[in-house]
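Just start21.csv here, CSV, C-alpha atoms:
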```
chain,number,residue,atom,x,y,z
A,1,MET,CA,-66.8,-177.3,124.7
A,2,SER,CA,-65.1,-175.5,127.5
A,3,LYS,CA,-64.5,-177.6,130.6
A,4,ILE,CA,-64.1,-176.6,134.3
A,5,ALA,CA,-60.4,-176.9,135.2
A,6,GLU,CA,-60.2,-175.2,138.6
A,7,ILE,CA,-62.5,-173.7,141.3
A,8,LYS,CA,-60.7,-171.7,144.0
A,9,THR,CA,-62.0,-169.6,146.9
A,10,PHE,CA,-60.5,-166.5,148.5
A,11,ARG,CA,-61.6,-164.9,151.8
A,12,VAL,CA,-60.9,-161.2,151.4
A,13,PRO,CA,-61.6,-158.1,153.6
A,14,PRO,CA,-63.9,-157.0,154.9
A,15,ARG,CA,-65.9,-160.3,155.1
A,16,TRP,CA,-66.3,-161.6,151.6
A,17,ILE,CA,-65.8,-165.0,149.9
A,18,PHE,CA,-64.8,-164.8,146.3
A,19,VAL,CA,-65.0,-167.8,144.0
A,20,ARG,CA,-62.8,-168.1,140.9
A,21,VAL,CA,-63.6,-170.6,138.2
A,22,THR,CA,-61.1,-171.3,135.4
A,23,THR,CA,-61.8,-173.3,132.3
A,24,ASP,CA,-59.4,-175.5,130.4
A,25,ASP,CA,-59.2,-172.9,127.6
A,26,GLY,CA,-58.2,-170.1,129.9
A,27,LEU,CA,-61.5,-168.2,130.6
A,28,VAL,CA,-61.9,-167.0,134.2
A,29,GLY,CA,-65.2,-166.2,135.9
A,30,TRP,CA,-65.9,-164.8,139.4
A,31,GLY,CA,-68.6,-165.5,141.8
A,32,GLU,CA,-69.3,-164.5,145.5
A,33,SER,CA,-70.5,-166.5,148.4
A,34,ILE,CA,-71.6,-165.2,151.7
A,35,ILE,CA,-72.4,-166.5,155.3
A,36,PRO,CA,-69.2,-165.0,156.7
A,37,LYS,CA,-69.9,-166.4,160.2
A,38,ARG,CA,-69.7,-169.9,158.7
A,39,ALA,CA,-67.0,-169.1,156.2
A,40,GLY,CA,-65.1,-172.3,156.9
A,41,ALA,CA,-68.1,-174.4,156.2
A,42,VAL,CA,-68.9,-172.5,153.0
A,43,VAL,CA,-65.3,-172.8,151.7
A,44,ALA,CA,-65.2,-176.5,152.5
A,45,THR,CA,-68.5,-177.0,150.7
A,46,ILE,CA,-67.3,-175.3,147.6
A,47,GLU,CA,-64.2,-177.5,147.7
A,48,ASP,CA,-66.4,-180.6,147.9
A,49,MET,CA,-68.4,-179.3,145.0
A,50,ALA,CA,-65.3,-178.5,143.0
A,51,ARG,CA,-64.1,-182.1,143.2
A,52,ASN,CA,-67.3,-183.2,141.5
A,53,LEU,CA,-67.2,-180.5,138.8
A,54,LYS,CA,-63.7,-180.7,137.4
A,55,GLY,CA,-64.0,-181.7,133.7
A,56,HIS,CA,-67.7,-180.7,133.4
A,57,ASP,CA,-68.9,-178.5,130.5
A,58,ALA,CA,-68.8,-174.9,131.9
A,59,GLY,CA,-71.7,-173.9,129.7
A,60,ARG,CA,-74.2,-176.2,131.2
A,61,ILE,CA,-75.1,-173.8,134.0
A,62,GLU,CA,-78.6,-175.0,134.8
A,63,ASP,CA,-77.6,-178.6,134.8
A,64,ILE,CA,-74.7,-177.9,137.2
A,65,ALA,CA,-76.8,-175.8,139.5
A,66,GLN,CA,-79.4,-178.5,139.7
A,67,ARG,CA,-76.8,-181.1,140.5
A,68,LEU,CA,-75.1,-178.9,143.2
A,69,ARG,CA,-78.4,-178.2,144.9
A,70,ARG,CA,-80.0,-181.7,144.6
A,71,GLY,CA,-77.2,-184.2,143.9
A,72,ALA,CA,-76.1,-184.9,147.4
A,73,PHE,CA,-79.5,-186.1,148.6
A,74,PHE,CA,-79.5,-183.7,151.6
A,75,ARG,CA,-80.4,-180.3,150.3
A,76,GLY,CA,-81.5,-176.8,151.1
A,77,GLY,CA,-80.2,-174.2,153.6
A,78,PRO,CA,-77.9,-171.2,153.2
A,79,VAL,CA,-74.5,-172.9,153.3
A,80,LEU,CA,-75.3,-175.3,150.4
A,81,GLY,CA,-77.1,-172.4,148.7
A,82,THR,CA,-74.4,-169.9,148.9
A,83,ALA,CA,-71.7,-172.4,147.9
A,84,ALA,CA,-73.6,-173.4,144.8
A,85,SER,CA,-74.4,-169.8,144.0
A,86,GLY,CA,-70.8,-168.6,144.1
A,87,ILE,CA,-69.9,-171.3,141.5
A,88,GLU,CA,-73.0,-170.6,139.4
A,89,GLN,CA,-72.3,-166.8,139.3
A,90,ALA,CA,-68.8,-167.5,138.0
A,91,LEU,CA,-70.2,-169.8,135.3
A,92,TRP,CA,-72.5,-167.0,134.1
A,93,ASP,CA,-69.5,-164.7,134.0
A,94,ILE,CA,-67.6,-167.2,131.9
A,95,LYS,CA,-70.6,-167.7,129.5
A,96,GLY,CA,-71.0,-164.0,129.0
A,97,LYS,CA,-67.2,-163.5,128.3
A,98,ARG,CA,-67.2,-166.4,125.8
A,99,HIS,CA,-70.0,-164.8,123.8
A,100,GLY,CA,-69.2,-161.1,124.5
A,101,LEU,CA,-72.6,-160.4,126.1
A,102,PRO,CA,-73.7,-159.4,129.6
A,103,ALA,CA,-75.6,-162.1,131.5
A,104,HIS,CA,-78.9,-160.3,131.3
A,105,GLU,CA,-78.9,-160.7,127.5
A,106,PHE,CA,-79.3,-164.5,128.0
A,107,LEU,CA,-82.3,-163.9,130.2
A,108,GLY,CA,-84.5,-161.8,127.9
A,109,GLY,CA,-82.5,-158.6,127.6
A,110,ARG,CA,-82.9,-155.3,129.2
A,111,VAL,CA,-86.3,-154.0,130.3
A,112,ARG,CA,-85.0,-150.7,131.8
A,113,ASP,CA,-82.3,-148.1,131.5
A,114,SER,CA,-81.4,-147.7,135.2
A,115,ILE,CA,-82.1,-149.3,138.6
A,116,ARG,CA,-82.7,-147.2,141.7
A,117,ALA,CA,-80.5,-148.0,144.6
A,118,TYR,CA,-80.6,-147.3,148.3
A,119,ALA,CA,-77.9,-146.9,151.0
A,120,TRP,CA,-77.5,-147.8,154.6
A,121,ILE,CA,-77.6,-145.3,157.5
A,122,GLY,CA,-76.8,-145.9,161.2
A,123,GLY,CA,-75.4,-149.2,162.4
A,124,ASP,CA,-76.4,-152.3,164.4
A,125,SER,CA,-77.5,-150.0,167.3
A,126,PRO,CA,-78.7,-147.1,165.1
A,127,ALA,CA,-77.6,-143.6,166.0
A,128,GLY,CA,-76.8,-140.3,164.2
A,129,VAL,CA,-79.2,-141.2,161.4
A,130,VAL,CA,-80.1,-137.6,160.4
A,131,GLU,CA,-76.5,-136.6,159.7
A,132,HIS,CA,-75.8,-139.9,158.0
A,133,ALA,CA,-78.9,-139.5,155.8
A,134,ARG,CA,-77.7,-136.0,154.9
A,135,LYS,CA,-74.4,-137.5,153.6
A,136,ARG,CA,-76.3,-140.1,151.6
A,137,ILE,CA,-78.5,-137.5,150.0
A,138,ALA,CA,-75.4,-135.6,149.0
A,139,GLN,CA,-74.2,-138.8,147.3
A,140,GLY,CA,-77.4,-138.8,145.2
A,141,PHE,CA,-79.6,-141.3,147.1
A,142,SER,CA,-83.2,-140.6,147.7
A,143,ALA,CA,-83.8,-143.9,149.6
A,144,VAL,CA,-82.1,-145.2,152.7
A,145,LYS,CA,-82.4,-148.2,155.1
A,146,MET,CA,-81.6,-148.4,158.8
A,147,ASN,CA,-81.9,-151.0,161.6
A,148,ALA,CA,-85.0,-150.0,163.4
A,149,THR,CA,-83.9,-151.0,166.9
A,150,PRO,CA,-81.0,-152.7,168.8
A,151,ALA,CA,-81.9,-155.9,170.7
A,152,ILE,CA,-85.4,-155.6,172.3
A,153,PRO,CA,-87.1,-157.7,174.9
A,154,ALA,CA,-90.6,-159.1,174.3
A,155,LEU,CA,-92.0,-157.0,177.2
A,156,GLY,CA,-90.7,-153.8,178.8
A,157,GLY,CA,-89.1,-152.4,175.7
A,158,SER,CA,-91.0,-149.1,175.7
A,159,ALA,CA,-87.9,-147.0,175.9
A,160,ILE,CA,-86.3,-148.8,172.9
A,161,ILE,CA,-89.5,-148.4,170.9
A,162,ASP,CA,-89.7,-144.7,171.8
A,163,ALA,CA,-86.2,-144.2,170.6
A,164,ALA,CA,-86.9,-145.9,167.3
A,165,VAL,CA,-89.9,-143.7,166.8
A,166,GLU,CA,-87.9,-140.6,167.6
A,167,ARG,CA,-85.3,-141.6,165.0
A,168,ILE,CA,-87.7,-142.0,162.1
A,169,ALA,CA,-89.6,-138.9,163.2
A,170,ALA,CA,-86.3,-136.9,163.2
A,171,LEU,CA,-85.7,-138.1,159.6
A,172,ARG,CA,-89.1,-137.0,158.5
A,173,ASP,CA,-88.7,-133.6,160.3
A,174,ALA,CA,-85.4,-133.1,158.5
A,175,PHE,CA,-86.3,-134.3,155.0
A,176,GLY,CA,-90.0,-134.5,154.8
A,177,ASN,CA,-91.3,-137.1,152.3
A,178,SER,CA,-88.4,-136.5,149.9
A,179,LEU,CA,-86.5,-139.3,151.5
A,180,ASP,CA,-87.8,-142.9,151.4
A,181,ILE,CA,-86.9,-144.7,154.6
A,182,ALA,CA,-86.9,-148.5,155.0
A,183,LEU,CA,-86.8,-150.1,158.4
A,184,ASP,CA,-84.9,-153.4,158.9
A,185,LEU,CA,-86.1,-155.3,162.0
A,186,HIS,CA,-83.6,-158.1,161.4
A,187,GLY,CA,-86.0,-160.6,163.0
A,188,ARG,CA,-85.0,-159.1,166.4
A,189,VAL,CA,-88.3,-157.6,167.5
A,190,PRO,CA,-90.5,-160.1,169.4
A,191,ARG,CA,-94.1,-160.3,168.4
A,192,ALA,CA,-95.6,-158.5,171.4
A,193,ALA,CA,-93.2,-155.5,171.0
A,194,LEU,CA,-93.6,-155.6,167.2
A,195,LYS,CA,-97.3,-154.7,167.4
A,196,VAL,CA,-96.5,-151.6,169.4
A,197,LEU,CA,-93.6,-150.6,167.2
A,198,LEU,CA,-95.5,-150.9,163.9
A,199,LYS,CA,-98.5,-149.0,165.2
A,200,GLU,CA,-96.2,-146.1,166.3
A,201,VAL,CA,-94.2,-145.9,163.1
A,202,GLU,CA,-97.0,-146.3,160.6
A,203,GLN,CA,-97.7,-142.5,160.6
A,204,PHE,CA,-94.2,-141.9,159.1
A,205,ARG,CA,-95.0,-144.0,156.0
A,206,PRO,CA,-91.8,-146.2,155.8
A,207,MET,CA,-90.9,-147.5,152.4
A,208,TRP,CA,-91.2,-150.9,154.0
A,209,VAL,CA,-90.7,-152.9,157.2
A,210,GLU,CA,-88.1,-155.7,156.6
A,211,GLU,CA,-87.8,-159.1,158.2
A,212,ALA,CA,-90.2,-158.2,161.0
A,213,THR,CA,-90.6,-162.0,161.6
A,214,LEU,CA,-88.0,-164.7,161.4
A,215,PRO,CA,-88.0,-167.0,158.4
A,216,GLU,CA,-89.0,-170.0,160.5
A,217,ASN,CA,-92.1,-168.1,161.7
A,218,GLU,CA,-94.0,-167.9,158.3
A,219,GLU,CA,-97.3,-168.4,160.2
A,220,SER,CA,-96.8,-165.0,161.8
A,221,LEU,CA,-96.7,-163.2,158.5
A,222,LYS,CA,-100.5,-162.7,158.4
A,223,VAL,CA,-100.5,-161.3,161.9
A,224,LEU,CA,-97.6,-159.1,160.9
A,225,ALA,CA,-99.5,-157.8,157.8
A,226,ARG,CA,-102.4,-156.8,160.0
A,227,ALA,CA,-100.2,-155.1,162.6
A,228,ALA,CA,-98.3,-153.3,159.9
A,229,GLY,CA,-101.4,-151.6,158.6
A,230,SER,CA,-100.5,-149.5,155.5
A,231,ILE,CA,-96.7,-150.3,155.8
A,232,PRO,CA,-95.5,-152.6,153.0
A,233,VAL,CA,-94.1,-155.9,154.3
A,234,ALA,CA,-90.7,-157.1,153.0
A,235,THR,CA,-88.9,-160.3,153.6
A,236,GLY,CA,-86.9,-163.1,152.0
A,237,GLU,CA,-83.2,-162.5,152.4
A,238,ARG,CA,-82.6,-165.8,154.1
A,239,LEU,CA,-84.5,-167.9,151.6
A,240,ALA,CA,-82.6,-170.1,149.3
A,241,SER,CA,-85.0,-171.1,146.5
A,242,ARG,CA,-88.3,-170.3,144.7
A,243,TRP,CA,-90.0,-173.0,146.7
A,244,ASP,CA,-89.1,-171.2,149.9
A,245,VAL,CA,-90.3,-167.9,148.4
A,246,LYS,CA,-93.5,-169.5,147.2
A,247,ARG,CA,-94.5,-170.5,150.7
A,248,VAL,CA,-94.1,-166.9,151.8
A,249,LEU,CA,-96.0,-165.6,148.8
A,250,ASP,CA,-98.8,-168.0,149.4
A,251,THR,CA,-99.5,-166.3,152.8
A,252,GLY,CA,-100.7,-163.2,150.8
A,253,ALA,CA,-99.0,-161.1,153.5
A,254,VAL,CA,-95.9,-160.0,151.7
A,255,ASP,CA,-95.6,-157.0,149.4
A,256,ILE,CA,-91.9,-157.1,148.6
A,257,VAL,CA,-89.5,-160.1,148.4
A,258,GLN,CA,-85.8,-159.7,149.0
A,259,PRO,CA,-83.8,-162.7,147.8
A,260,ASP,CA,-80.0,-162.5,147.9
A,261,VAL,CA,-78.3,-163.7,144.7
A,262,SER,CA,-75.4,-165.1,146.8
A,263,ILE,CA,-77.9,-167.5,148.4
A,264,THR,CA,-80.3,-168.2,145.5
A,265,GLY,CA,-77.9,-168.0,142.5
A,266,LEU,CA,-78.3,-165.7,139.5
A,267,PHE,CA,-80.8,-167.8,137.5
A,268,GLU,CA,-82.8,-168.7,140.6
A,269,LEU,CA,-83.1,-165.0,141.5
A,270,GLU,CA,-84.5,-164.4,138.0
A,271,LYS,CA,-87.0,-167.2,138.4
A,272,ILE,CA,-88.0,-165.9,141.8
A,273,ALA,CA,-88.7,-162.5,140.2
A,274,ARG,CA,-90.9,-164.1,137.6
A,275,LEU,CA,-92.7,-166.0,140.3
A,276,ALA,CA,-93.3,-162.9,142.4
A,277,GLU,CA,-94.7,-161.1,139.3
A,278,ILE,CA,-97.5,-163.6,139.3
A,279,TYR,CA,-98.5,-162.6,142.8
A,280,ASP,CA,-98.1,-158.8,142.0
A,281,VAL,CA,-95.2,-158.7,144.5
A,282,ALA,CA,-92.2,-156.4,144.0
A,283,VAL,CA,-88.6,-157.6,144.3
A,284,ALA,CA,-85.9,-155.6,146.1
A,285,PRO,CA,-82.8,-157.8,146.1
A,286,HIS,CA,-80.8,-158.1,149.3
A,287,CYS,CA,-77.1,-157.3,148.8
A,288,PRO,CA,-75.1,-155.9,151.7
A,289,ASN,CA,-72.3,-157.8,150.1
A,290,GLY,CA,-69.3,-157.4,147.8
A,291,PRO,CA,-68.9,-156.4,144.1
A,292,VAL,CA,-69.5,-159.7,142.5
A,293,SER,CA,-72.7,-160.3,144.3
A,294,LEU,CA,-73.9,-156.8,143.4
A,295,ALA,CA,-73.0,-157.2,139.8
A,296,ALA,CA,-74.8,-160.6,139.6
A,297,SER,CA,-77.9,-159.1,141.3
A,298,LEU,CA,-78.0,-156.2,138.9
A,299,GLN,CA,-77.9,-158.5,135.9
A,300,VAL,CA,-81.2,-159.8,137.1
A,301,GLY,CA,-82.5,-156.4,137.9
A,302,PHE,CA,-82.0,-155.2,134.3
A,303,CYS,CA,-84.1,-158.0,132.8
A,304,ALA,CA,-86.9,-158.3,135.4
A,305,ALA,CA,-89.3,-155.4,135.5
A,306,ASN,CA,-90.7,-156.0,139.0
A,307,VAL,CA,-87.3,-155.4,140.6
A,308,VAL,CA,-88.0,-152.0,142.1
A,309,ILE,CA,-84.8,-151.1,143.9
A,310,GLN,CA,-81.3,-152.5,144.6
A,311,GLU,CA,-79.5,-152.7,147.9
A,312,GLN,CA,-75.8,-151.9,147.7
A,313,SER,CA,-73.1,-151.8,150.4
A,314,LEU,CA,-70.7,-148.9,149.6
A,315,GLY,CA,-70.0,-147.2,153.0
A,316,LEU,CA,-71.8,-149.9,155.0
A,317,HIS,CA,-70.8,-150.0,158.7
A,318,TYR,CA,-69.7,-153.6,158.4
A,319,HIS,CA,-66.9,-152.7,156.1
A,320,GLN,CA,-65.1,-150.4,158.6
A,321,GLY,CA,-63.0,-153.0,160.3
A,322,PHE,CA,-66.0,-155.1,161.3
A,323,SER,CA,-65.2,-157.3,164.4
A,324,GLY,CA,-61.5,-156.5,164.1
A,325,LEU,CA,-61.2,-157.4,160.4
A,326,PRO,CA,-59.4,-155.1,158.0
A,327,LYS,CA,-61.4,-152.5,156.2
A,328,GLY,CA,-62.6,-153.1,152.7
A,329,GLU,CA,-64.9,-151.7,150.0
A,330,MET,CA,-66.3,-153.0,146.8
A,331,HIS,CA,-64.2,-150.8,144.6
A,332,ASP,CA,-60.9,-152.1,146.1
A,333,TYR,CA,-61.2,-155.2,143.8
A,334,LEU,CA,-62.3,-153.6,140.6
A,335,ALA,CA,-60.2,-152.6,137.6
A,336,ASP,CA,-62.9,-150.0,136.8
A,337,ALA,CA,-65.5,-148.9,139.5
A,338,THR,CA,-67.8,-147.2,137.0
A,339,PRO,CA,-70.2,-150.1,136.5
A,340,LEU,CA,-70.9,-150.3,140.2
A,341,THR,CA,-71.0,-146.5,140.8
A,342,THR,CA,-74.4,-144.9,141.2
A,343,ILE,CA,-75.3,-141.7,139.4
A,344,ASP,CA,-78.2,-139.7,141.1
A,345,GLY,CA,-78.8,-142.8,143.3
A,346,ALA,CA,-79.2,-145.3,140.4
A,347,PHE,CA,-77.1,-147.9,138.6
A,348,GLY,CA,-76.8,-147.7,134.8
A,349,PRO,CA,-76.7,-150.9,132.6
A,350,LEU,CA,-73.8,-153.2,133.0
A,351,ALA,CA,-72.7,-153.4,129.4
A,352,GLY,CA,-69.5,-155.5,129.8
A,353,PRO,CA,-69.5,-159.2,129.2
A,354,GLY,CA,-70.5,-161.7,131.8
A,355,LEU,CA,-71.3,-160.0,135.1
A,356,GLY,CA,-70.1,-156.7,133.7
A,357,ILE,CA,-67.2,-156.1,136.0
A,358,GLU,CA,-63.5,-156.9,136.0
A,359,ILE,CA,-62.0,-158.3,139.2
A,360,ILE,CA,-58.3,-157.6,139.7
A,361,ASN,CA,-56.9,-161.1,140.3
A,362,ASP,CA,-53.6,-159.9,141.9
A,363,VAL,CA,-55.5,-157.7,144.4
A,364,VAL,CA,-57.7,-160.6,145.4
A,365,GLU,CA,-54.8,-163.0,145.9
A,366,SER,CA,-52.7,-160.4,147.8
A,367,ARG,CA,-55.5,-159.6,150.2
A,368,ALA,CA,-56.8,-163.1,150.8
A,369,THR,CA,-56.5,-164.4,154.4
A,370,ASP,CA,-58.2,-167.1,156.5
A,371,TRP,CA,-60.1,-164.5,158.5
A,372,PHE,CA,-62.6,-165.7,161.1
A,373,LEU,CA,-65.7,-163.8,162.0
A,374,PRO,CA,-67.2,-164.8,165.4
A,375,ASP,CA,-70.9,-165.1,166.0
A,376,ALA,CA,-72.6,-162.0,167.2
A,377,ASP,CA,-72.8,-162.0,171.0
A,378,TRP,CA,-76.1,-160.2,171.5
A,379,THR,CA,-77.9,-160.8,174.8
A,380,HIS,CA,-80.8,-159.2,176.7
A,381,GLN,CA,-80.2,-157.6,180.1
A,382,ASP,CA,-81.0,-160.9,181.8
A,383,GLY,CA,-78.3,-162.7,179.8
A,384,THR,CA,-80.7,-164.6,177.4
A,385,TYR,CA,-79.9,-164.8,173.7
A,386,ALA,CA,-81.0,-161.9,171.6
A,387,GLU,CA,-81.6,-162.0,167.8
A,388,TRP,CA,-78.9,-160.2,165.9
```
Before we go any further, please render this structure as structure tokens.
Amino acid sequence: MSKIAEIKTFRVPPRWIFVRVTTDDGLVGWGESIIPKRAGAVVATIEDMARNLKGHDAGRIEDIAQRLRRGAFFRGGPVLGTAASGIEQALWDIKGKRHGLPAHEFLGGRVRDSIRAYAWIGGDSPAGVVEHARKRIAQGFSAVKMNATPAIPALGGSAIIDAAVERIAALRDAFGNSLDIALDLHGRVPRAALKVLLKEVEQFRPMWVEEATLPENEESLKVLARAAGSIPVATGERLASRWDVKRVLDTGAVDIVQPDVSITGLFELEKIARLAEIYDVAVAPHCPNGPVSLAASLQVGFCAANVVIQEQSLGLHYHQGFSGLPKGEMHDYLADATPLTTIDGAFGPLAGPGLGIEIINDVVESRATDWFLPDADWTHQDGTYAEW
């Protein structure tokens, strides 16, 4: 029996939180937590959890995950979810290394030979999307995602909506239907404006419209589905468990769920995929994160047939010195970037043990800082808060 000896966190550029778990017999596993704008709370939560886990059997992953998510009486939410997930990912990494198998072999084995990926274009206030898409196509991608709009008021946002329509129209004019285009609304488009926007963009056949409503507005999903017409509806990146996802699925209004492995945990993501399968709903895991999160997400993608596409963050605008932080990319921390490199816009199987990647410990330790990422200061013209 291998026991947990140490759990340590590292905040590294551009905005990632790595979690290292070491066992008493020398095995090391890596996980990744997110919520960078509450990094201090996440790190402190992991430290609290670590005090309770020292000496526990590292192989009892499900038991540990249950205790981390339920054992403190108060439960739920992204901070607790991501703290537990970072530890749990690392335990799967250790289990795989101990047995010489990738994590997906413990979850039924591979069901596919590759997973299609998509890349981001534009930024928070999207611009230059045609040229950016051209670069992504040259990199092998046939699917992209962009923020549909900047902040938009409930009324009087016609100019912003017109600009959004012009952007997606320009992409269709440039690339026809050879490029799949997903629109991320980030919960920032109010309901009144949303109806107009969706009606205008439906003609361009988006791959999906993402987070068109906020997670606390589940009752709006049916209204959204009607307004979206033929556009597939995607949501779920802020949900922490299969119970949260089930409430969304029960609306009958969602076509694609997008859980993030660094909120749900690896095994919970797999369970969510199986749950979604019952509802004939596809899974497109959310992952604008770092290399450990992506590797963990891919482990589920290779054993769950209804995972249809994988988000990845290489070249994402957040990594280019976001909010004054140093630049950083996924490959900076990898001994071998091959497992997380796409070929013709798709990832191949991660054959290595555990999560299938090797993190360079010395690079993590040398780049770790106590960075602070401030809240987004988005406001409307009248000074009221705007959803980021």
Legend entry - Nearest-residue call for A:Ala240, choices A:Ile360, A:Leu269, A:Ala58, A:Ala228, using only C-alpha atoms: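 Among the listed residues, the smallest separation from A:Ala240 belongs to A:Leu269.
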Using all atoms listed in the file, find each residue in stretch 266-373 of chain A having at least one atom no more than 8 Å away from stretch 112-123 of chain A; report its shortest atom-to-atom pair and that distance in Å (one decimal), rows by chain then rising number, as a tab-separated table.
```
residue	atom	partner	partner_atom	distance
A:Gly301	CA	A:Ile115	CA	7.1
A:Phe302	CA	A:Arg112	CA	6.0
A:Cys303	CA	A:Arg112	CA	7.4
A:Ala305	CA	A:Arg112	CA	7.4
A:Val308	CA	A:Arg116	CA	7.2
A:Ile309	CA	A:Arg116	CA	4.9
A:Gln310	CA	A:Ala117	CA	4.6
A:Glu311	CA	A:Tyr118	CA	5.5
A:Gln312	CA	A:Ala119	CA	6.3
A:Ser313	CA	A:Ala119	CA	6.9
A:Leu314	CA	A:Ala119	CA	7.6
A:Gly315	CA	A:Trp120	CA	7.7
A:Leu316	CA	A:Trp120	CA	6.1
A:His317	CA	A:Gly123	CA	6.0
A:Thr342	CA	A:Ala117	CA	7.6
A:Gly345	CA	A:Ala117	CA	5.6
A:Ala346	CA	A:Arg116	CA	4.2
A:Phe347	CA	A:Ile115	CA	5.2
A:Gly348	CA	A:Ser114	CA	4.6
A:Pro349	CA	A:Ser114	CA	6.3
```
Legend entry - Distance of atom CA of A:Glu358 from atom CA of A:Ala337, expressed in Å to one decimal place: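 Value for the atom CA of A:Ala337-atom CA of A:Glu358 distance: 9.0 Å.
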Inset, instruction - Please measure the separation of atom CA of A:Arg188 and atom CA of A:Val209, giving the value in Å to one decimal. - result: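 Interatomic distance here is 12.5 Å.
With distances taken over all atoms listed in the file, A:Leu355 is the one residue among A:Val364, A:Ala154, A:Leu355, A:Met330 lying closest to A:Pro102.
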Inset, instruction - Please provide as an NGL selection string all residues within 6 Å of stretch 18-32 of chain A, with the sequence filter that same-chain residues fewer than 2 positions apart are discarded (counting only C-alpha atoms). - result: :A and (3-10 or 86-87 or 89-90 or 93-94 or 292-293)
Legend entry - Residue nearest A:Ile343 - candidates A:Ile35, A:Val111, A:Ala138, A:Ala182, atoms counted: all atoms listed in the file: A:Ala138
Legend entry - Test item: residues at most 6 Å from A:Ala143, all atoms listed in the file, excluding those fewer than 5 positions along its chain, as a ChimeraX atom specification: /A:118,179-181
N, CA and C atoms modelled onto stretch 33-48 of chain A, as a CSV table (one decimal), in the coordinates of the input:
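The file below, result12.csv, is the result:
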```csv
chain,number,residue,atom,x,y,z
A,33,SER,N,-69.7,-165.9,147.4
A,33,SER,CA,-70.5,-166.5,148.4
A,33,SER,C,-70.5,-165.7,149.7
A,34,ILE,N,-71.5,-166.0,150.5
A,34,ILE,CA,-71.6,-165.2,151.7
A,34,ILE,C,-71.7,-166.1,153.0
A,35,ILE,N,-72.4,-165.8,154.0
A,35,ILE,CA,-72.4,-166.5,155.3
A,35,ILE,C,-71.1,-166.4,155.9
A,36,PRO,N,-70.6,-165.1,156.2
A,36,PRO,CA,-69.2,-165.0,156.7
A,36,PRO,C,-69.0,-165.6,158.1
A,37,LYS,N,-70.1,-165.8,158.9
A,37,LYS,CA,-69.9,-166.4,160.2
A,37,LYS,C,-69.8,-167.9,160.1
A,38,ARG,N,-69.9,-168.4,158.9
A,38,ARG,CA,-69.7,-169.9,158.7
A,38,ARG,C,-68.8,-170.0,157.5
A,39,ALA,N,-67.8,-169.1,157.4
A,39,ALA,CA,-67.0,-169.1,156.2
A,39,ALA,C,-66.2,-170.4,156.0
A,40,GLY,N,-65.8,-171.0,157.0
A,40,GLY,CA,-65.1,-172.3,156.9
A,40,GLY,C,-66.0,-173.4,156.3
A,41,ALA,N,-67.2,-173.4,156.7
A,41,ALA,CA,-68.1,-174.4,156.2
A,41,ALA,C,-68.4,-174.1,154.7
A,42,VAL,N,-68.6,-172.8,154.4
A,42,VAL,CA,-68.9,-172.5,153.0
A,42,VAL,C,-67.7,-172.9,152.1
A,43,VAL,N,-66.5,-172.5,152.5
A,43,VAL,CA,-65.3,-172.8,151.7
A,43,VAL,C,-65.1,-174.3,151.5
A,44,ALA,N,-65.3,-175.1,152.6
A,44,ALA,CA,-65.2,-176.5,152.5
A,44,ALA,C,-66.3,-177.1,151.6
A,45,THR,N,-67.5,-176.6,151.6
A,45,THR,CA,-68.5,-177.0,150.7
A,45,THR,C,-68.2,-176.8,149.3
A,46,ILE,N,-67.7,-175.6,149.0
A,46,ILE,CA,-67.3,-175.3,147.6
A,46,ILE,C,-66.2,-176.3,147.2
A,47,GLU,N,-65.2,-176.6,148.1
A,47,GLU,CA,-64.2,-177.5,147.7
A,47,GLU,C,-64.7,-178.9,147.4
A,48,ASP,N,-65.7,-179.3,148.2
A,48,ASP,CA,-66.4,-180.6,147.9
A,48,ASP,C,-67.0,-180.6,146.5
```
